[in-house]
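model-v9.csv follows; it contains CSV, C-alpha atoms.
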```csv
chain,number,residue,atom,x,y,z
A,1,MET,CA,36.9,1.5,-10.2
A,2,HIS,CA,34.0,0.5,-8.0
A,3,ASP,CA,30.7,2.4,-8.7
A,4,PHE,CA,29.0,3.3,-5.4
A,5,VAL,CA,25.2,3.9,-5.2
A,6,ARG,CA,25.0,7.6,-4.2
A,7,VAL,CA,22.4,8.1,-1.5
A,8,VAL,CA,20.7,11.2,-0.1
A,9,VAL,CA,18.7,10.9,3.2
A,10,ILE,CA,15.9,13.5,3.8
A,11,ASP,CA,14.3,13.1,7.2
A,12,ASP,CA,13.2,15.8,9.7
A,13,HIS,CA,13.9,13.4,12.6
A,14,THR,CA,17.5,14.0,13.5
A,15,LEU,CA,18.2,10.7,15.2
A,16,VAL,CA,16.5,8.8,12.4
A,17,ARG,CA,18.4,10.7,9.8
A,18,TYR,CA,21.7,10.0,11.5
A,19,GLY,CA,20.8,6.4,12.0
A,20,LEU,CA,20.1,6.0,8.3
A,21,THR,CA,23.2,7.7,7.2
A,22,GLY,CA,25.3,5.6,9.5
A,23,LEU,CA,23.6,2.4,8.3
A,24,VAL,CA,24.1,3.2,4.7
A,25,ASP,CA,27.7,4.4,5.0
A,26,HIS,CA,28.7,1.0,6.4
A,27,GLU,CA,27.7,-0.8,3.3
A,28,PRO,CA,30.5,-1.4,0.7
A,29,ASP,CA,28.3,-0.6,-2.3
A,30,LEU,CA,26.5,2.4,-0.9
A,31,GLU,CA,27.7,5.9,-0.2
A,32,ILE,CA,26.0,8.8,1.6
A,33,VAL,CA,26.5,12.0,-0.5
A,34,GLY,CA,24.1,14.3,1.4
A,35,ASP,CA,21.5,14.5,4.1
A,36,THR,CA,19.0,17.2,5.3
A,37,GLY,CA,16.1,17.6,7.6
A,38,GLN,CA,14.4,20.0,5.3
A,39,ARG,CA,12.2,18.5,2.6
A,40,ALA,CA,12.3,21.8,0.7
A,41,ASP,CA,16.0,21.2,0.0
A,42,ALA,CA,15.2,17.9,-1.7
A,43,VAL,CA,15.4,19.0,-5.4
A,44,GLY,CA,18.5,21.0,-4.8
A,45,ILE,CA,20.5,18.4,-2.9
A,46,VAL,CA,19.7,15.7,-5.4
A,47,LEU,CA,20.9,17.9,-8.2
A,48,SER,CA,24.1,19.1,-6.4
A,49,THR,CA,25.1,15.6,-5.3
A,50,ARG,CA,24.0,13.7,-8.4
A,51,ALA,CA,22.4,11.2,-6.2
A,52,ASN,CA,21.2,7.8,-7.5
A,53,VAL,CA,18.8,7.2,-4.6
A,54,VAL,CA,16.9,9.5,-2.2
A,55,VAL,CA,15.5,8.1,1.0
A,56,LEU,CA,12.6,10.4,2.1
A,57,ASP,CA,10.3,10.3,5.1
A,58,VAL,CA,6.5,10.7,5.0
A,59,THR,CA,5.0,11.9,8.2
A,60,PRO,CA,1.2,12.0,8.6
A,61,PRO,CA,-1.0,14.0,8.7
A,62,ASP,CA,0.5,16.4,6.1
A,63,GLN,CA,2.3,13.7,4.1
A,64,ASP,CA,4.4,16.4,2.5
A,65,GLY,CA,7.0,13.8,1.6
A,66,LEU,CA,4.6,12.4,-1.0
A,67,ARG,CA,4.4,15.8,-2.7
A,68,ILE,CA,8.2,16.0,-2.7
A,69,ALA,CA,8.4,12.4,-4.1
A,70,ARG,CA,6.1,13.4,-7.0
A,71,GLU,CA,8.2,16.4,-7.7
A,72,LEU,CA,11.4,14.5,-7.7
A,73,ARG,CA,9.9,11.8,-10.0
A,74,ASN,CA,8.8,14.5,-12.5
A,75,ARG,CA,12.2,16.0,-12.5
A,76,TYR,CA,14.4,13.0,-12.4
A,77,ALA,CA,13.0,10.0,-14.3
A,78,GLU,CA,15.9,7.7,-13.3
A,79,LEU,CA,16.2,8.6,-9.6
A,80,GLY,CA,15.5,5.9,-7.1
A,81,ILE,CA,13.1,7.1,-4.5
A,82,VAL,CA,12.5,5.2,-1.2
A,83,LEU,CA,9.7,6.4,1.1
A,84,LEU,CA,9.8,5.7,4.8
A,85,ALA,CA,6.4,5.9,6.6
A,86,PRO,CA,4.8,4.7,9.9
A,87,GLU,CA,3.7,1.1,9.8
A,88,GLY,CA,0.1,0.3,8.9
A,89,GLN,CA,-0.4,3.2,6.6
A,90,ASP,CA,-2.2,1.5,3.7
A,91,SER,CA,-3.5,4.7,2.2
A,92,VAL,CA,0.0,6.2,2.1
A,93,LEU,CA,1.3,3.0,0.5
A,94,PHE,CA,-1.2,3.2,-2.3
A,95,GLU,CA,-0.4,7.0,-2.8
A,96,ALA,CA,3.3,6.1,-2.9
A,97,LEU,CA,2.5,3.5,-5.6
A,98,GLU,CA,0.6,6.0,-7.7
A,99,SER,CA,3.3,8.7,-7.2
A,100,GLY,CA,5.9,6.6,-9.1
A,101,VAL,CA,8.3,6.0,-6.3
A,102,SER,CA,10.6,3.0,-6.3
A,103,ALA,CA,10.0,1.5,-2.8
A,104,PHE,CA,7.9,1.9,0.3
A,105,VAL,CA,9.3,0.8,3.6
A,106,ALA,CA,7.9,1.0,7.2
A,107,ARG,CA,10.0,3.0,9.6
A,108,THR,CA,10.0,-0.1,11.9
A,109,ALA,CA,11.3,-2.4,9.1
A,110,PRO,CA,14.5,-4.4,9.7
A,111,THR,CA,17.7,-2.8,8.5
A,112,GLU,CA,18.1,-5.5,5.9
A,113,GLU,CA,14.7,-4.5,4.4
A,114,ILE,CA,15.6,-0.8,4.2
A,115,LEU,CA,19.0,-1.6,2.5
A,116,ALA,CA,17.2,-4.0,0.1
A,117,ALA,CA,14.8,-1.2,-0.8
A,118,ILE,CA,17.7,1.2,-1.5
A,119,ARG,CA,19.4,-1.3,-3.7
A,120,HIS,CA,16.2,-2.0,-5.5
A,121,ALA,CA,15.6,1.7,-6.1
A,122,ALA,CA,19.1,2.0,-7.5
A,123,VAL,CA,18.7,-0.7,-10.2
A,124,ALA,CA,15.0,-0.4,-10.9
A,125,PRO,CA,13.9,3.1,-10.0
A,126,THR,CA,10.6,2.9,-11.9
A,127,SER,CA,9.6,-0.6,-10.5
A,128,PHE,CA,7.6,-0.4,-7.3
A,129,THR,CA,8.3,-2.7,-4.3
A,130,ALA,CA,6.8,-2.7,-0.8
A,131,THR,CA,6.7,-5.3,1.8
A,132,GLY,CA,3.1,-6.0,2.8
A,133,LEU,CA,1.7,-4.8,-0.6
A,134,GLY,CA,-0.2,-8.0,-1.1
A,135,PRO,CA,-2.0,-7.9,2.3
A,136,ALA,CA,-2.7,-4.2,1.8
A,137,MET,CA,-4.3,-4.9,-1.5
A,138,ALA,CA,-6.4,-7.7,0.0
A,139,ARG,CA,-7.6,-5.3,2.7
A,140,ARG,CA,-8.5,-2.7,0.1
A,141,ASP,CA,-10.4,-5.2,-2.0
A,142,GLN,CA,-12.3,-6.4,1.0
A,143,SER,CA,-13.2,-2.9,2.1
A,144,SER,CA,-14.4,-2.1,-1.5
A,145,ALA,CA,-16.4,-5.2,-1.7
A,146,GLN,CA,-18.0,-4.6,1.8
A,147,ALA,CA,-18.9,-1.0,0.7
A,148,LEU,CA,-20.5,-2.5,-2.4
A,149,LEU,CA,-23.0,-4.5,-0.5
A,150,SER,CA,-25.9,-3.1,1.5
A,151,PRO,CA,-26.3,-4.2,5.1
A,152,ARG,CA,-29.2,-6.4,4.1
A,153,GLU,CA,-27.2,-8.0,1.2
A,154,SER,CA,-24.4,-8.7,3.7
A,155,GLN,CA,-27.0,-10.5,5.9
A,156,VAL,CA,-28.2,-12.5,2.9
A,157,LEU,CA,-24.7,-13.5,2.0
A,158,GLU,CA,-24.0,-14.7,5.5
A,159,LEU,CA,-27.2,-16.8,5.5
A,160,LEU,CA,-26.3,-18.2,2.1
A,161,GLY,CA,-22.9,-19.2,3.5
A,162,GLN,CA,-24.7,-21.0,6.3
A,163,GLY,CA,-26.5,-23.1,3.7
A,164,LEU,CA,-30.0,-21.6,4.1
A,165,SER,CA,-32.4,-21.8,1.2
A,166,VAL,CA,-34.2,-18.7,-0.2
A,167,ARG,CA,-37.3,-19.7,1.7
A,168,ALA,CA,-35.3,-20.1,4.9
A,169,ILE,CA,-33.7,-16.7,4.4
A,170,ALA,CA,-37.1,-15.1,4.0
A,171,VAL,CA,-38.1,-16.6,7.4
A,172,ALA,CA,-34.8,-15.5,9.0
A,173,LEU,CA,-35.2,-11.9,7.8
A,174,SER,CA,-39.0,-11.8,8.3
A,175,VAL,CA,-39.6,-10.9,4.6
A,176,SER,CA,-41.6,-12.5,1.8
A,177,VAL,CA,-40.0,-15.2,-0.3
A,178,SER,CA,-40.2,-12.9,-3.3
A,179,THR,CA,-38.3,-10.2,-1.4
A,180,ALA,CA,-35.6,-12.7,-0.3
A,181,LYS,CA,-35.2,-13.8,-3.9
A,182,THR,CA,-34.7,-10.2,-5.0
A,183,TYR,CA,-32.0,-9.8,-2.3
A,184,VAL,CA,-30.2,-12.9,-3.5
A,185,GLU,CA,-30.5,-11.8,-7.2
A,186,ARG,CA,-29.0,-8.4,-6.4
A,187,LEU,CA,-26.2,-10.0,-4.4
A,188,TYR,CA,-25.3,-12.3,-7.3
A,189,GLU,CA,-25.3,-9.3,-9.6
A,190,LYS,CA,-23.0,-7.3,-7.4
A,191,LEU,CA,-20.6,-10.2,-6.9
A,192,GLU,CA,-20.8,-10.9,-10.7
A,193,VAL,CA,-21.8,-14.6,-10.1
A,194,SER,CA,-24.8,-16.7,-11.1
A,195,ASN,CA,-25.3,-19.2,-8.3
A,196,ARG,CA,-24.9,-19.9,-4.6
A,197,ALA,CA,-21.6,-21.8,-5.0
A,198,GLN,CA,-20.0,-19.0,-7.0
A,199,ALA,CA,-21.2,-16.4,-4.5
A,200,ILE,CA,-19.8,-18.2,-1.5
A,201,MET,CA,-16.4,-18.8,-3.3
A,202,THR,CA,-16.2,-15.2,-4.4
A,203,ALA,CA,-17.1,-14.0,-0.9
A,204,LEU,CA,-14.5,-16.2,0.7
A,205,GLN,CA,-11.8,-14.9,-1.7
A,206,ARG,CA,-12.7,-11.3,-0.9
A,207,GLY,CA,-12.9,-11.9,2.8
A,208,LEU,CA,-16.6,-11.0,3.0
A,209,ILE,CA,-17.4,-14.2,5.0
A,210,GLU,CA,-15.3,-16.3,7.2
A,211,PRO,CA,-14.5,-19.9,6.1
A,212,LYS,CA,-16.2,-22.6,8.2
A,213,SER,CA,-13.9,-24.2,10.7
```
As structure tokens:
Amino acid sequence: MHDFVRVVVIDDHTLVRYGLTGLVDHEPDLEIVGDTGQRADAVGIVLSTRANVVVLDVTPPDQDGLRIARELRNRYAELGIVLLAPEGQDSVLFEALESGVSAFVARTAPTEEILAAIRHAAVAPTSFTATGLGPAMARRDQSSAQALLSPRESQVLELLGQGLSVRAIAVALSVSVSTAKTYVERLYEKLEVSNRAQAIMTALQRGLIEPKS
């Protein structure tokens, strides 16, 4: 007897919900066992249908889908949870990761990507996957690093990247050599490096300066 992956779709957009149910039901290994437009019904419908995977939408700004996802994960440790969200929502992606869901997919993703996320959730419900996770993490790291540096330190970093000496940096910033040296030392400390080459390499890796063409 063939074991189908039992899928529930929860999306308050009627056309999206019908589109997802139709897409899933055409797959030989997947079966729609329930759908609803009410997130409040999520726990009950998962229990009554004995679903393996739930596909749940997250709609900013309230992002109520994330709260439901956390509740489902707390109740059903082995349930596959796929979150659908608007594209370019890095903050929602990271909240999804922290909430313990199985997969995060943009609403505009190709159908193959959505189906792959459902199948992933079925076999590895506690293992997170998301297309674009790497670039999103790089953007977060860059933003964190930029926030770490003061505007003056960012200027110093840019000048170091241009090959200027400490004395030349002092002239460019109209400060004393001693002050310029202090800026450089603080920059090294924040980047956790000990010299110019390391500082430039670290800055390039974090996207703090652009590579020379």
- Using all atoms listed in the file, which of the listed residues (A:Lys190, A:Lys181, A:Arg167, A:His120) sits closest to Val5 (chain A)? A:His120
- What separates CA of Pro110 (chain A) and CA of Val43 (chain A) is a distance of 27.9 Å
- Message: Env of Pro151 (chain A): 12 Å cut, atoms = all atoms listed in the file, seq-sep filter 5 positions within chain, self excluded. Answer as a list in words.
- Response: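 In the requested form, the answer reads Gln146, Val156, Leu157, Glu158, Tyr183 and Leu187 of chain A.
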With C-alpha atoms retained, export the selected residues as a tab-separated table (two decimals), keeping the file's coordinate frame.
```tsv
chain	number	residue	atom	x	y	z
A	146	GLN	CA	-18.00	-4.60	1.80
A	156	VAL	CA	-28.20	-12.50	2.90
A	157	LEU	CA	-24.70	-13.50	2.00
A	158	GLU	CA	-24.00	-14.70	5.50
A	183	TYR	CA	-32.00	-9.80	-2.30
A	187	LEU	CA	-26.20	-10.00	-4.40
```
- Message: For a cutoff of 12 Å around the file-coordinate point (4.6, 13.9, 4.1), which residues qualify once you count only C-alpha atoms? I'd like the result as a PyMOL selection string.
- Response: chain A and resi 10-12+38-40+56-70+83-86+92-93+95-96
- Find the distance between CA of Arg206 (chain A) and CA of Val175 (chain A) and write it in Å to one decimal.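 Straight-line distance from CA of Arg206 (chain A) to CA of Val175 (chain A) works out to 27.5 Å.
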- Interatomic distance (Å, one decimal) between CA of Ala121 (chain A) and CA of Leu79 (chain A):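 Pair CA of Ala121 (chain A) / CA of Leu79 (chain A) returns 7.8 Å.
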Would you give the centre and edge lengths, in Å to one decimal, of a box along x, y and z around the listed atoms of region 173-180 of chain A, with 6 Å added to each side, as lines of an AutoDock Vina configuration file?
```
center_x = -38.4
center_y = -12.7
center_z = 2.5
size_x = 18.4
size_y = 17.0
size_z = 23.6
```
- From the list A:Arg73, A:Arg107, A:Arg50, A:Arg119, which residue is nearest Pro28 (chain A) when using all atoms listed in the file? A:Arg119
- Which residue gives the smallest distance to Ala197 (chain A) among A:Thr108, A:Gly161, A:Leu97, A:Leu115, with all atoms listed in the file counted?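 Going through A:Thr108, A:Gly161, A:Leu97, A:Leu115 one by one, the smallest distance to Ala197 (chain A) is for A:Gly161.
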- Query: Looking at A:Ile81, A:Leu30, A:Gln162, A:Thr182, which one is nearest to Glu210 (chain A), with distances taken over all atoms listed in the file?
  - Reply: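 For Glu210 (chain A), the nearest of the given residues is A:Gln162.
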- Query: If I put a ball of radius 12 Å at (-15.1, -21.1, 2.8) in the file's coordinates, which residues poke into it when counting only C-alpha atoms, written as a list in words?
  - Reply: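 Looking at atoms near the point gives Glu158, Leu160, Gly161, Gln162, Gly163, Ala197, Gln198, Ala199, Ile200, Met201, Thr202, Ala203, Leu204, Gln205, Arg206, Gly207, Leu208, Ile209, Glu210, Pro211, Lys212 and Ser213 of chain A.
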Export C-alpha atoms of the chosen residues as a tab-separated table (two decimals), in the frame of the given file?
```tsv
chain	number	residue	atom	x	y	z
A	158	GLU	CA	-24.00	-14.70	5.50
A	160	LEU	CA	-26.30	-18.20	2.10
A	161	GLY	CA	-22.90	-19.20	3.50
A	162	GLN	CA	-24.70	-21.00	6.30
A	163	GLY	CA	-26.50	-23.10	3.70
A	197	ALA	CA	-21.60	-21.80	-5.00
A	198	GLN	CA	-20.00	-19.00	-7.00
A	199	ALA	CA	-21.20	-16.40	-4.50
A	200	ILE	CA	-19.80	-18.20	-1.50
A	201	MET	CA	-16.40	-18.80	-3.30
A	202	THR	CA	-16.20	-15.20	-4.40
A	203	ALA	CA	-17.10	-14.00	-0.90
A	204	LEU	CA	-14.50	-16.20	0.70
A	205	GLN	CA	-11.80	-14.90	-1.70
A	206	ARG	CA	-12.70	-11.30	-0.90
A	207	GLY	CA	-12.90	-11.90	2.80
A	208	LEU	CA	-16.60	-11.00	3.00
A	209	ILE	CA	-17.40	-14.20	5.00
A	210	GLU	CA	-15.30	-16.30	7.20
A	211	PRO	CA	-14.50	-19.90	6.10
A	212	LYS	CA	-16.20	-22.60	8.20
A	213	SER	CA	-13.90	-24.20	10.70
```
- Query: Of the residues A:Ile32, A:Leu23, A:Ala124, A:Ala77, which is the one nearest to Glu112 (chain A), using only C-alpha atoms?
  - Reply: A:Leu23
Taking N, CA and C atoms as the atom set, what does region 86-117 of chain A look like once completed, written as a PDB file, keeping the file's coordinate frame?
```pdb
ATOM      1  N   PRO A  86       5.254   5.510   8.718  1.00  0.00           N
ATOM      2  CA  PRO A  86       4.800   4.700   9.900  1.00  0.00           C
ATOM      3  C   PRO A  86       4.173   3.413   9.395  1.00  0.00           C
ATOM      4  N   GLU A  87       4.271   2.382  10.206  1.00  0.00           N
ATOM      5  CA  GLU A  87       3.700   1.100   9.800  1.00  0.00           C
ATOM      6  C   GLU A  87       2.182   1.144   9.826  1.00  0.00           C
ATOM      7  N   GLY A  88       1.570   0.348   8.936  1.00  0.00           N
ATOM      8  CA  GLY A  88       0.100   0.300   8.900  1.00  0.00           C
ATOM      9  C   GLY A  88      -0.571   1.375   8.157  1.00  0.00           C
ATOM     10  N   GLN A  89       0.167   2.103   7.324  1.00  0.00           N
ATOM     11  CA  GLN A  89      -0.400   3.200   6.600  1.00  0.00           C
ATOM     12  C   GLN A  89      -0.763   2.766   5.150  1.00  0.00           C
ATOM     13  N   ASP A  90      -1.833   1.987   5.018  1.00  0.00           N
ATOM     14  CA  ASP A  90      -2.200   1.500   3.700  1.00  0.00           C
ATOM     15  C   ASP A  90      -2.483   2.600   2.707  1.00  0.00           C
ATOM     16  N   SER A  91      -3.158   3.634   3.151  1.00  0.00           N
ATOM     17  CA  SER A  91      -3.500   4.700   2.200  1.00  0.00           C
ATOM     18  C   SER A  91      -2.249   5.401   1.706  1.00  0.00           C
ATOM     19  N   VAL A  92      -1.249   5.570   2.571  1.00  0.00           N
ATOM     20  CA  VAL A  92       0.000   6.200   2.100  1.00  0.00           C
ATOM     21  C   VAL A  92       0.742   5.269   1.175  1.00  0.00           C
ATOM     22  N   LEU A  93       0.681   3.962   1.434  1.00  0.00           N
ATOM     23  CA  LEU A  93       1.300   3.000   0.500  1.00  0.00           C
ATOM     24  C   LEU A  93       0.762   3.105  -0.865  1.00  0.00           C
ATOM     25  N   PHE A  94      -0.553   3.180  -0.992  1.00  0.00           N
ATOM     26  CA  PHE A  94      -1.200   3.200  -2.300  1.00  0.00           C
ATOM     27  C   PHE A  94      -0.884   4.589  -2.989  1.00  0.00           C
ATOM     28  N   GLU A  95      -0.818   5.663  -2.211  1.00  0.00           N
ATOM     29  CA  GLU A  95      -0.400   7.000  -2.800  1.00  0.00           C
ATOM     30  C   GLU A  95       0.995   6.916  -3.269  1.00  0.00           C
ATOM     31  N   ALA A  96       1.855   6.213  -2.519  1.00  0.00           N
ATOM     32  CA  ALA A  96       3.300   6.100  -2.900  1.00  0.00           C
ATOM     33  C   ALA A  96       3.340   5.320  -4.250  1.00  0.00           C
ATOM     34  N   LEU A  97       2.556   4.267  -4.380  1.00  0.00           N
ATOM     35  CA  LEU A  97       2.500   3.500  -5.600  1.00  0.00           C
ATOM     36  C   LEU A  97       2.125   4.367  -6.793  1.00  0.00           C
ATOM     37  N   GLU A  98       1.110   5.187  -6.590  1.00  0.00           N
ATOM     38  CA  GLU A  98       0.600   6.000  -7.700  1.00  0.00           C
ATOM     39  C   GLU A  98       1.562   7.184  -7.993  1.00  0.00           C
ATOM     40  N   SER A  99       2.392   7.575  -7.029  1.00  0.00           N
ATOM     41  CA  SER A  99       3.300   8.700  -7.200  1.00  0.00           C
ATOM     42  C   SER A  99       4.536   8.343  -8.039  1.00  0.00           C
ATOM     43  N   GLY A 100       4.754   7.045  -8.256  1.00  0.00           N
ATOM     44  CA  GLY A 100       5.900   6.600  -9.100  1.00  0.00           C
ATOM     45  C   GLY A 100       7.180   6.410  -8.330  1.00  0.00           C
ATOM     46  N   VAL A 101       7.116   6.241  -7.007  1.00  0.00           N
ATOM     47  CA  VAL A 101       8.300   6.000  -6.300  1.00  0.00           C
ATOM     48  C   VAL A 101       8.817   4.560  -6.496  1.00  0.00           C
ATOM     49  N   SER A 102      10.027   4.268  -6.026  1.00  0.00           N
ATOM     50  CA  SER A 102      10.600   3.000  -6.300  1.00  0.00           C
ATOM     51  C   SER A 102      10.318   1.951  -5.177  1.00  0.00           C
ATOM     52  N   ALA A 103      10.241   2.429  -3.937  1.00  0.00           N
ATOM     53  CA  ALA A 103      10.000   1.500  -2.800  1.00  0.00           C
ATOM     54  C   ALA A 103       9.370   2.219  -1.658  1.00  0.00           C
ATOM     55  N   PHE A 104       8.607   1.441  -0.906  1.00  0.00           N
ATOM     56  CA  PHE A 104       7.900   1.900   0.300  1.00  0.00           C
ATOM     57  C   PHE A 104       8.285   1.027   1.439  1.00  0.00           C
ATOM     58  N   VAL A 105       8.806   1.610   2.518  1.00  0.00           N
ATOM     59  CA  VAL A 105       9.300   0.800   3.600  1.00  0.00           C
ATOM     60  C   VAL A 105       8.767   1.425   4.946  1.00  0.00           C
ATOM     61  N   ALA A 106       8.324   0.565   5.849  1.00  0.00           N
ATOM     62  CA  ALA A 106       7.900   1.000   7.200  1.00  0.00           C
ATOM     63  C   ALA A 106       9.104   1.464   7.987  1.00  0.00           C
ATOM     64  N   ARG A 107       8.925   2.482   8.799  1.00  0.00           N
ATOM     65  CA  ARG A 107      10.000   3.000   9.600  1.00  0.00           C
ATOM     66  C   ARG A 107      10.539   1.857  10.576  1.00  0.00           C
ATOM     67  N   THR A 108       9.651   0.953  10.939  1.00  0.00           N
ATOM     68  CA  THR A 108      10.000  -0.100  11.900  1.00  0.00           C
ATOM     69  C   THR A 108      10.596  -1.337  11.179  1.00  0.00           C
ATOM     70  N   ALA A 109      10.794  -1.257   9.870  1.00  0.00           N
ATOM     71  CA  ALA A 109      11.300  -2.400   9.100  1.00  0.00           C
ATOM     72  C   ALA A 109      12.727  -2.759   9.546  1.00  0.00           C
ATOM     73  N   PRO A 110      13.110  -4.028   9.436  1.00  0.00           N
ATOM     74  CA  PRO A 110      14.500  -4.400   9.700  1.00  0.00           C
ATOM     75  C   PRO A 110      15.458  -3.681   8.817  1.00  0.00           C
ATOM     76  N   THR A 111      16.683  -3.494   9.286  1.00  0.00           N
ATOM     77  CA  THR A 111      17.700  -2.800   8.500  1.00  0.00           C
ATOM     78  C   THR A 111      17.908  -3.438   7.142  1.00  0.00           C
ATOM     79  N   GLU A 112      17.859  -4.763   7.123  1.00  0.00           N
ATOM     80  CA  GLU A 112      18.100  -5.500   5.900  1.00  0.00           C
ATOM     81  C   GLU A 112      17.024  -5.102   4.824  1.00  0.00           C
ATOM     82  N   GLU A 113      15.801  -4.879   5.297  1.00  0.00           N
ATOM     83  CA  GLU A 113      14.700  -4.500   4.400  1.00  0.00           C
ATOM     84  C   GLU A 113      14.910  -3.114   3.824  1.00  0.00           C
ATOM     85  N   ILE A 114      15.376  -2.210   4.668  1.00  0.00           N
ATOM     86  CA  ILE A 114      15.600  -0.800   4.200  1.00  0.00           C
ATOM     87  C   ILE A 114      16.763  -0.817   3.195  1.00  0.00           C
ATOM     88  N   LEU A 115      17.825  -1.553   3.473  1.00  0.00           N
ATOM     89  CA  LEU A 115      19.000  -1.600   2.500  1.00  0.00           C
ATOM     90  C   LEU A 115      18.539  -2.267   1.223  1.00  0.00           C
ATOM     91  N   ALA A 116      17.709  -3.298   1.307  1.00  0.00           N
ATOM     92  CA  ALA A 116      17.200  -4.000   0.100  1.00  0.00           C
ATOM     93  C   ALA A 116      16.389  -2.992  -0.749  1.00  0.00           C
ATOM     94  N   ALA A 117      15.597  -2.159  -0.089  1.00  0.00           N
ATOM     95  CA  ALA A 117      14.800  -1.200  -0.800  1.00  0.00           C
ATOM     96  C   ALA A 117      15.664  -0.156  -1.524  1.00  0.00           C
TER      97      ALA A 117
END
```
